Amino acid sequence: MTRLLIGLAAVAALSGCGAGAGGPAGPALRETATKLETIKTGVLTLKVNMDPKDGDAFGYEIHGPIKLAGEGEVPLADVEYTQRANGQEDTVRLVLDENGGWVERGGERTQLTRSQLDELRSAGSVLGQGGLESLDFEAWIADPKRSDGPGDTDKVSGKLDVVAAMNGLAGLSGVLGSDPVRLDKSNGKQVEDAVKDSSFELLTGKDDRLLRKLALMFEFDADVPDELRDELGKDAVGARFEFDLALDDVNQPVAIG
């Protein structure tokens, strides 16, 4: 079950052009990052998708209410988890409550083991301790620009500093696969040259500066040096990667289980 939730095939790496947040967009990014720890409840939608040059797209989606852990508490969730791979799709319901957790498929429930619960609630899990706070998105954007977003939000957009983004997402279970590639300055320039397109978009409340959406995208060129092809893996070359996290009803009451 753990692998079903977080052990997808390696989704590849991001690369980048590196520049800090500044100008009118800088304060919005900083305030939103600082307030990640104040988000306690919400309805989470997380989509991770990899569309390789050859073969079927694969990835997963998580959707449902979550309650993040306060001091002396455990994270709670009641979500649908959908995995897409090899042209097929499978959806299960995952519930984490005060007494443990279970998975439901086709009306049948299976209790999670202690090790599965520990992994899902670990610091490296999207549903676990500090999952949102690990999103160090301030360092992931180059040339940020702020504009009006939908509703009562501001939008911050720009190009990805994709080396920084990959290294940040690598610690979040299941986002870049079970054995994610990590980049450094020695190969960063090669990867930057291999990126065909990339984007960063963040929506934050105009008044409360609470995160509403974080969407990242990159696409690799199909023609890259052999050494980089070997390092990134064949699925990444010529592929498009998308990470889209949205939060609705932030800090409103939620029903779990």
# chains A, B, ... in the order shown; residues from 1 in each chain; ligands from 1
>>> select_by_dssp(residues="region 55-219 of chain A", states="alpha helix (DSSP H)", output="number ranges by chain")
A: 114-120, 162-169, 185-194
>>> residues_around(residues="Ala57 (chain A)", least_positions_apart="4", cutoff="10 Å", atoms="only C-alpha atoms", output="short mmCIF file (atom, residue, chain, number, x, y, z; two decimals) with N, CA and C atoms, in the first residue's frame")
data_model
loop_
_atom_site.label_atom_id
_atom_site.label_comp_id
_atom_site.auth_asym_id
_atom_site.auth_seq_id
_atom_site.Cartn_x
_atom_site.Cartn_y
_atom_site.Cartn_z
N ASN A 49 1.97 14.56 -12.67
CA ASN A 49 1.85 13.87 -13.95
C ASN A 49 3.14 13.95 -14.74
N MET A 50 3.50 12.83 -15.38
CA MET A 50 4.67 12.76 -16.25
C MET A 50 4.21 12.23 -17.60
N ASP A 51 4.47 13.00 -18.65
CA ASP A 51 4.09 12.61 -20.00
C ASP A 51 5.37 12.39 -20.80
N PRO A 52 5.85 11.14 -20.86
CA PRO A 52 7.11 10.88 -21.54
C PRO A 52 7.00 11.03 -23.05
N LYS A 53 8.14 11.15 -23.70
CA LYS A 53 8.16 11.27 -25.15
C LYS A 53 7.55 10.04 -25.81
N ARG A 84 -2.38 6.52 -12.15
CA ARG A 84 -2.44 6.26 -13.58
C ARG A 84 -1.10 5.74 -14.06
N ALA A 85 -1.10 4.57 -14.71
CA ALA A 85 0.12 3.98 -15.23
C ALA A 85 -0.24 2.92 -16.26
N ASN A 86 0.61 2.81 -17.29
CA ASN A 86 0.43 1.78 -18.32
C ASN A 86 -0.95 1.84 -18.97
N GLY A 87 -1.47 3.05 -19.13
CA GLY A 87 -2.75 3.21 -19.77
C GLY A 87 -3.94 2.81 -18.92
N GLN A 88 -3.72 2.54 -17.64
CA GLN A 88 -4.79 2.13 -16.74
C GLN A 88 -4.89 3.09 -15.56
N ALA A 239 10.32 14.63 -22.04
CA ALA A 239 9.07 14.49 -21.28
C ALA A 239 8.62 15.83 -20.71
N ARG A 240 7.33 15.86 -20.35
CA ARG A 240 6.73 17.01 -19.70
C ARG A 240 6.28 16.59 -18.31
N PHE A 241 6.66 17.36 -17.28
CA PHE A 241 6.33 17.07 -15.89
C PHE A 241 5.45 18.20 -15.34
#
>>> atom_distance(atom1="CA of Gly26 (chain A)", atom2="CA of Ala139 (chain A)")
10.8 Å
>>> closest_residue(among="A:Glu31, A:Asp90, A:Glu201, A:Asp207", to="Ala246 (chain A)", atoms="only C-alpha atoms")
A:Glu201
>>> residues_around(residues="Leu94 (chain A)", least_positions_apart="5", cutoff="7 Å", atoms="only C-alpha atoms", output="ChimeraX atom specification")
/A:78-81,102-104
>>> closest_residue(among="A:Lys159, A:Leu112, A:Arg209, A:Leu247", to="Thr34 (chain A)", atoms="only C-alpha atoms")
A:Arg209
>>> residues_around(residues="Asp154 (chain A)", least_positions_apart="6", cutoff="6 Å", atoms="only C-alpha atoms", output="PyMOL selection string")
chain A and resi 147-148+203-204+206
